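Asker: Below you'll find the structure I mean.
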Amino acid sequence: MELRHIRYFLAVAEEINFTRAAEKLCIAQPPLSRQIQELEAELGAKLFVRKPHALQLTEEGILFRQYAQQILDLVKRSAEDVGEMETGLKGTLYLASVEGHAPALLSEWIAGFHERYPHVTYNMWNGNSDDVVNRVMKGLCDLAIILEPHNAEGVDSYPLYEEAWAAMIPKGHPLAQTEEKTIRMEELLPYELIIPSRESRLQEINGWFPEGQKPIIRCRIAHMMNAYELTKRGVGITIYPAAAEDLAESYGICIRRIKEPKVVASYVLIRSRSRTLSRVAQEFLNYVEERAAETGSVEV
């Protein structure tokens, strides 16, 4: 068995399609099919069920996928460890996060980690919680910060930070004309709302209103800049974590923290349970644990 067999198998297992996997690997489909057949012959087991216009992993294939990913992770980590014996810790750390307070947390960690390991580089990605979880599960990110709730299997999560939810209100809106700093969700019932795009978030926010009364959801968004721009132009009142107040004044937006019901946005750090972290990712996780021991904010 050669490493190329493992890489080819994982590509097919991810795409569940020989044609797409071959395109991803930049090889022709017939040679890819032969390589998979050779691997199956060596293992003495079928890894895929081949049907007309369909492909799926067998139980043996599902098991082998776990081992195959671990093998490639170990190959990558061993190469990094040997190289770092000469030059010190280096490599690329792949991180992802939602918006709100998560970028501030990551930036604080990266700043401290960079002082300790100046040769490490960073690749950062932002999206909603569902998108971020998907990237972690596919191995596109080492570590990530998302907002609860999440029900992804195969992900370990560690509590990080909590903040209030808030209503972002255009300055000319009637609700912006008082000196109040807080607001009750019931007060928002007559007005059109903008909320985060996750389906679970819609269900959660609906539950914040009195029983039997449904809010008017005008727009659902995935990025904070959409929240600022839409609110500024009077499309609606946006429900968003209170970190949005950092730039609210520059956009001509009033922030009212939600006091009733008392609700919080909970951030968690996640990693894939089935993937071995690279050396640089493990060291970063160790660093976060050190910081957490100082602040008491998270146990990793």
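Starting from 1 in every chain, residues are counted up; chains themselves are A, B, ... following the order of the structure tokens, and ligands are numbered from 1 as listed.
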Compile a residue-level contact table for segment 143-168 of chain A against segment 176-194 of chain A at a cut-off of 10 Å, reporting for every qualifying residue the shortest atom pair and its distance in Å to one decimal, with only C-alpha atoms counted, rows ordered by chain and ascending number, as a Markdown table.

Answerer:
| residue | atom | partner | partner_atom | distance |
| --- | --- | --- | --- | --- |
| A:Ala166 | CA | A:Thr182 | CA | 8.2 |
| A:Ala167 | CA | A:Ile183 | CA | 7.7 |
| A:Met168 | CA | A:Ile194 | CA | 9.2 |

Asker: Counting only C-alpha atoms, what is within 6 Å of segment 272-279 of chain A, bar same-chain residues fewer than 6 positions away, as a list in words?

Answerer: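 Contacts, with the query itself left out: Asp73, Arg77, Met137, Gly154, Val155 and Asp156 of chain A.
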
Asker: Create the file for the chosen residues now, containing N, CA, C and O atoms and written as a PDB file, in the first residue's frame.

Answerer:
ATOM      1  N   ASP A  73      -2.556  12.278   8.496  1.00  0.00           N
ATOM      2  CA  ASP A  73      -2.284  13.280   9.529  1.00  0.00           C
ATOM      3  C   ASP A  73      -0.926  13.027  10.178  1.00  0.00           C
ATOM      4  O   ASP A  73      -0.164  13.961  10.445  1.00  0.00           O
ATOM      5  N   ARG A  77       2.343  15.376  10.213  1.00  0.00           N
ATOM      6  CA  ARG A  77       2.897  15.836  11.487  1.00  0.00           C
ATOM      7  C   ARG A  77       4.350  15.410  11.642  1.00  0.00           C
ATOM      8  O   ARG A  77       5.168  16.174  12.176  1.00  0.00           O
ATOM      9  N   MET A 137     -15.212  19.477  10.005  1.00  0.00           N
ATOM     10  CA  MET A 137     -15.453  18.057   9.773  1.00  0.00           C
ATOM     11  C   MET A 137     -14.725  17.556   8.533  1.00  0.00           C
ATOM     12  O   MET A 137     -14.308  16.398   8.465  1.00  0.00           O
ATOM     13  N   GLY A 154     -19.127  13.963  16.187  1.00  0.00           N
ATOM     14  CA  GLY A 154     -17.714  13.889  15.853  1.00  0.00           C
ATOM     15  C   GLY A 154     -16.949  15.162  16.121  1.00  0.00           C
ATOM     16  O   GLY A 154     -15.802  15.299  15.696  1.00  0.00           O
ATOM     17  N   VAL A 155     -17.561  16.116  16.849  1.00  0.00           N
ATOM     18  CA  VAL A 155     -16.908  17.382  17.178  1.00  0.00           C
ATOM     19  C   VAL A 155     -16.820  17.521  18.690  1.00  0.00           C
ATOM     20  O   VAL A 155     -17.800  17.306  19.399  1.00  0.00           O
ATOM     21  N   ASP A 156     -15.634  17.840  19.179  1.00  0.00           N
ATOM     22  CA  ASP A 156     -15.469  18.189  20.590  1.00  0.00           C
ATOM     23  C   ASP A 156     -15.571  19.697  20.735  1.00  0.00           C
ATOM     24  O   ASP A 156     -15.005  20.441  19.927  1.00  0.00           O
TER      25      ASP A 156
END

Asker: Just to confirm, what's the straight-line distance from atom CA of Tyr287 of chain A to atom CA of Phe113 of chain A in Å (one decimal)?

Answerer: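 Computing it gives 7.1 Å between the two atoms.
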
Asker: Within 12 Å of Glu40 of chain A, counting only C-alpha atoms, which residues qualify if same-chain residues fewer than 4 places away don't, as a list in words?

Answerer: Met1, His5, Ile6, Phe9, Ser33, Arg34, Gln35, Ile36, Gly44, Ala45, Lys46, Leu47, Phe48, Val49, Thr58, Glu60, Gly61 and Phe64 of chain A

Asker: Please report the interatomic distance between atom CA of Glu249 of chain A and atom CA of Trp165 of chain A in Å with one decimal.

Answerer: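 Value for the atom CA of Glu249 of chain A-atom CA of Trp165 of chain A distance: 17.2 Å.
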
Asker: Apply DSSP to the structure's backbone, then extract all residues of segment 106-234 of chain A labelled strand (DSSP E or B) and return them as an MDAnalysis selection string.

Answerer: chainID A and resid 120:126 143:147 155:170 182:184 192:196 216:221

Asker: So that each row is one residue of segment 111-229 of chain A with an atom at most 9 Å from segment 100-103 of chain A, can you give its shortest atom pair and the distance in Å to one decimal, using only C-alpha atoms, rows by chain and rising number, as a Markdown table?

Answerer:
| residue | atom | partner | partner_atom | distance |
| --- | --- | --- | --- | --- |
| A:Asn126 | CA | A:Pro103 | CA | 8.7 |
| A:Ile145 | CA | A:Ala102 | CA | 6.3 |
| A:Ile146 | CA | A:Ala102 | CA | 7.6 |
| A:Leu147 | CA | A:Ala102 | CA | 8.8 |
| A:Tyr161 | CA | A:His101 | CA | 8.5 |
| A:Glu163 | CA | A:His101 | CA | 8.3 |
| A:Met224 | CA | A:Gly100 | CA | 7.3 |

Asker: Print the selection's residues with all heavy atoms to a file, as a compact mmCIF listing (two decimals), in the first residue's frame.

Answerer:
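What landed in part-v1.txt:
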# COMPACT_ATOMS: atom_id res chain seq x y z
N ASN A 126 -14.22 33.01 7.76
CA ASN A 126 -15.42 33.36 8.53
C ASN A 126 -16.68 32.88 7.83
O ASN A 126 -16.77 32.91 6.60
CB ASN A 126 -15.51 34.88 8.71
CG ASN A 126 -14.48 35.41 9.66
OD1 ASN A 126 -13.36 35.71 9.26
ND2 ASN A 126 -14.83 35.52 10.93
N ILE A 145 -14.22 28.64 16.13
CA ILE A 145 -15.14 29.15 17.14
C ILE A 145 -16.52 29.29 16.49
O ILE A 145 -16.65 29.90 15.43
CB ILE A 145 -14.69 30.51 17.69
CG1 ILE A 145 -13.33 30.39 18.36
CG2 ILE A 145 -15.70 31.04 18.70
CD1 ILE A 145 -12.78 31.72 18.87
N ILE A 146 -17.53 28.72 17.14
CA ILE A 146 -18.90 28.84 16.66
C ILE A 146 -19.80 29.29 17.81
O ILE A 146 -19.38 29.37 18.95
CB ILE A 146 -19.43 27.51 16.09
CG1 ILE A 146 -19.49 26.43 17.19
CG2 ILE A 146 -18.57 27.03 14.92
CD1 ILE A 146 -20.22 25.16 16.76
N LEU A 147 -21.03 29.58 17.45
CA LEU A 147 -22.05 29.90 18.45
C LEU A 147 -22.92 28.68 18.70
O LEU A 147 -23.29 27.96 17.77
CB LEU A 147 -22.92 31.06 17.96
CG LEU A 147 -22.41 32.48 18.18
CD1 LEU A 147 -23.22 33.46 17.37
CD2 LEU A 147 -22.46 32.84 19.66
N TYR A 161 -17.00 31.80 25.90
CA TYR A 161 -17.38 33.19 26.18
C TYR A 161 -18.88 33.33 26.00
O TYR A 161 -19.48 32.66 25.16
CB TYR A 161 -16.63 34.11 25.22
CG TYR A 161 -16.88 35.58 25.38
CD1 TYR A 161 -16.17 36.33 26.31
CD2 TYR A 161 -17.83 36.25 24.60
CE1 TYR A 161 -16.39 37.69 26.46
CE2 TYR A 161 -18.04 37.61 24.73
CZ TYR A 161 -17.33 38.32 25.67
OH TYR A 161 -17.55 39.67 25.81
N GLU A 163 -22.04 36.45 25.77
CA GLU A 163 -22.40 37.86 25.71
C GLU A 163 -23.90 37.98 25.48
O GLU A 163 -24.57 37.03 25.06
CB GLU A 163 -21.63 38.58 24.60
CG GLU A 163 -22.00 38.17 23.20
CD GLU A 163 -21.28 39.00 22.15
OE1 GLU A 163 -20.96 40.16 22.42
OE2 GLU A 163 -21.05 38.48 21.04
N MET A 224 -22.10 40.00 9.64
CA MET A 224 -22.39 41.19 10.43
C MET A 224 -22.47 42.45 9.58
O MET A 224 -23.25 43.37 9.89
CB MET A 224 -21.33 41.36 11.53
CG MET A 224 -21.69 42.40 12.56
SD MET A 224 -20.86 42.15 14.16
CE MET A 224 -19.14 42.21 13.68

Asker: Set the distance at 9 Å and use only C-alpha atoms: which residues neighbour Gly234 of chain A once local chain neighbours fewer than 4 positions away are removed? I'd like the list as a list of chain:residue names.

Answerer: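 Here the answer would be A:Ile169, A:Pro170, A:Gly172, A:His173, A:Glu229, A:Leu230.
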
Asker: What separation in Å, quoted to one decimal, exists between atom CA of Glu290 of chain A and atom CA of His150 of chain A?

Answerer: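 That distance, rounded to one decimal, is 25.5 Å.
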
Asker: Which residue out of A:Ser157, A:Thr92, A:Asn17, A:Gln66 has the minimum interatomic distance to Tyr122 of chain A when only C-alpha atoms are used?

Answerer: A:Thr92

Asker: Using only C-alpha atoms for the distances, tell me which of A:Ala242, A:Val280, A:Tyr267, A:Glu59 is nearest to Arg116 of chain A.

Answerer: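 Once distances to Arg116 of chain A are computed over only C-alpha atoms, the minimum belongs to A:Val280.
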
Asker: Got a sec: who's within 10 Å of Ser197 of chain A, counting only C-alpha atoms, leaving out chain neighbours fewer than 4 positions off, as a PyMOL selection string?

Answerer: chain A and resi 128-130+201-202+219-223

Asker: Rank A:Pro241, A:Gly127, A:Gly212, A:Pro261 by their smallest atom-to-atom distance to Ile195 of chain A, using only C-alpha atoms, and report the top residue only.

Answerer: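 Result for the nearest residue to Ile195 of chain A: A:Pro241.
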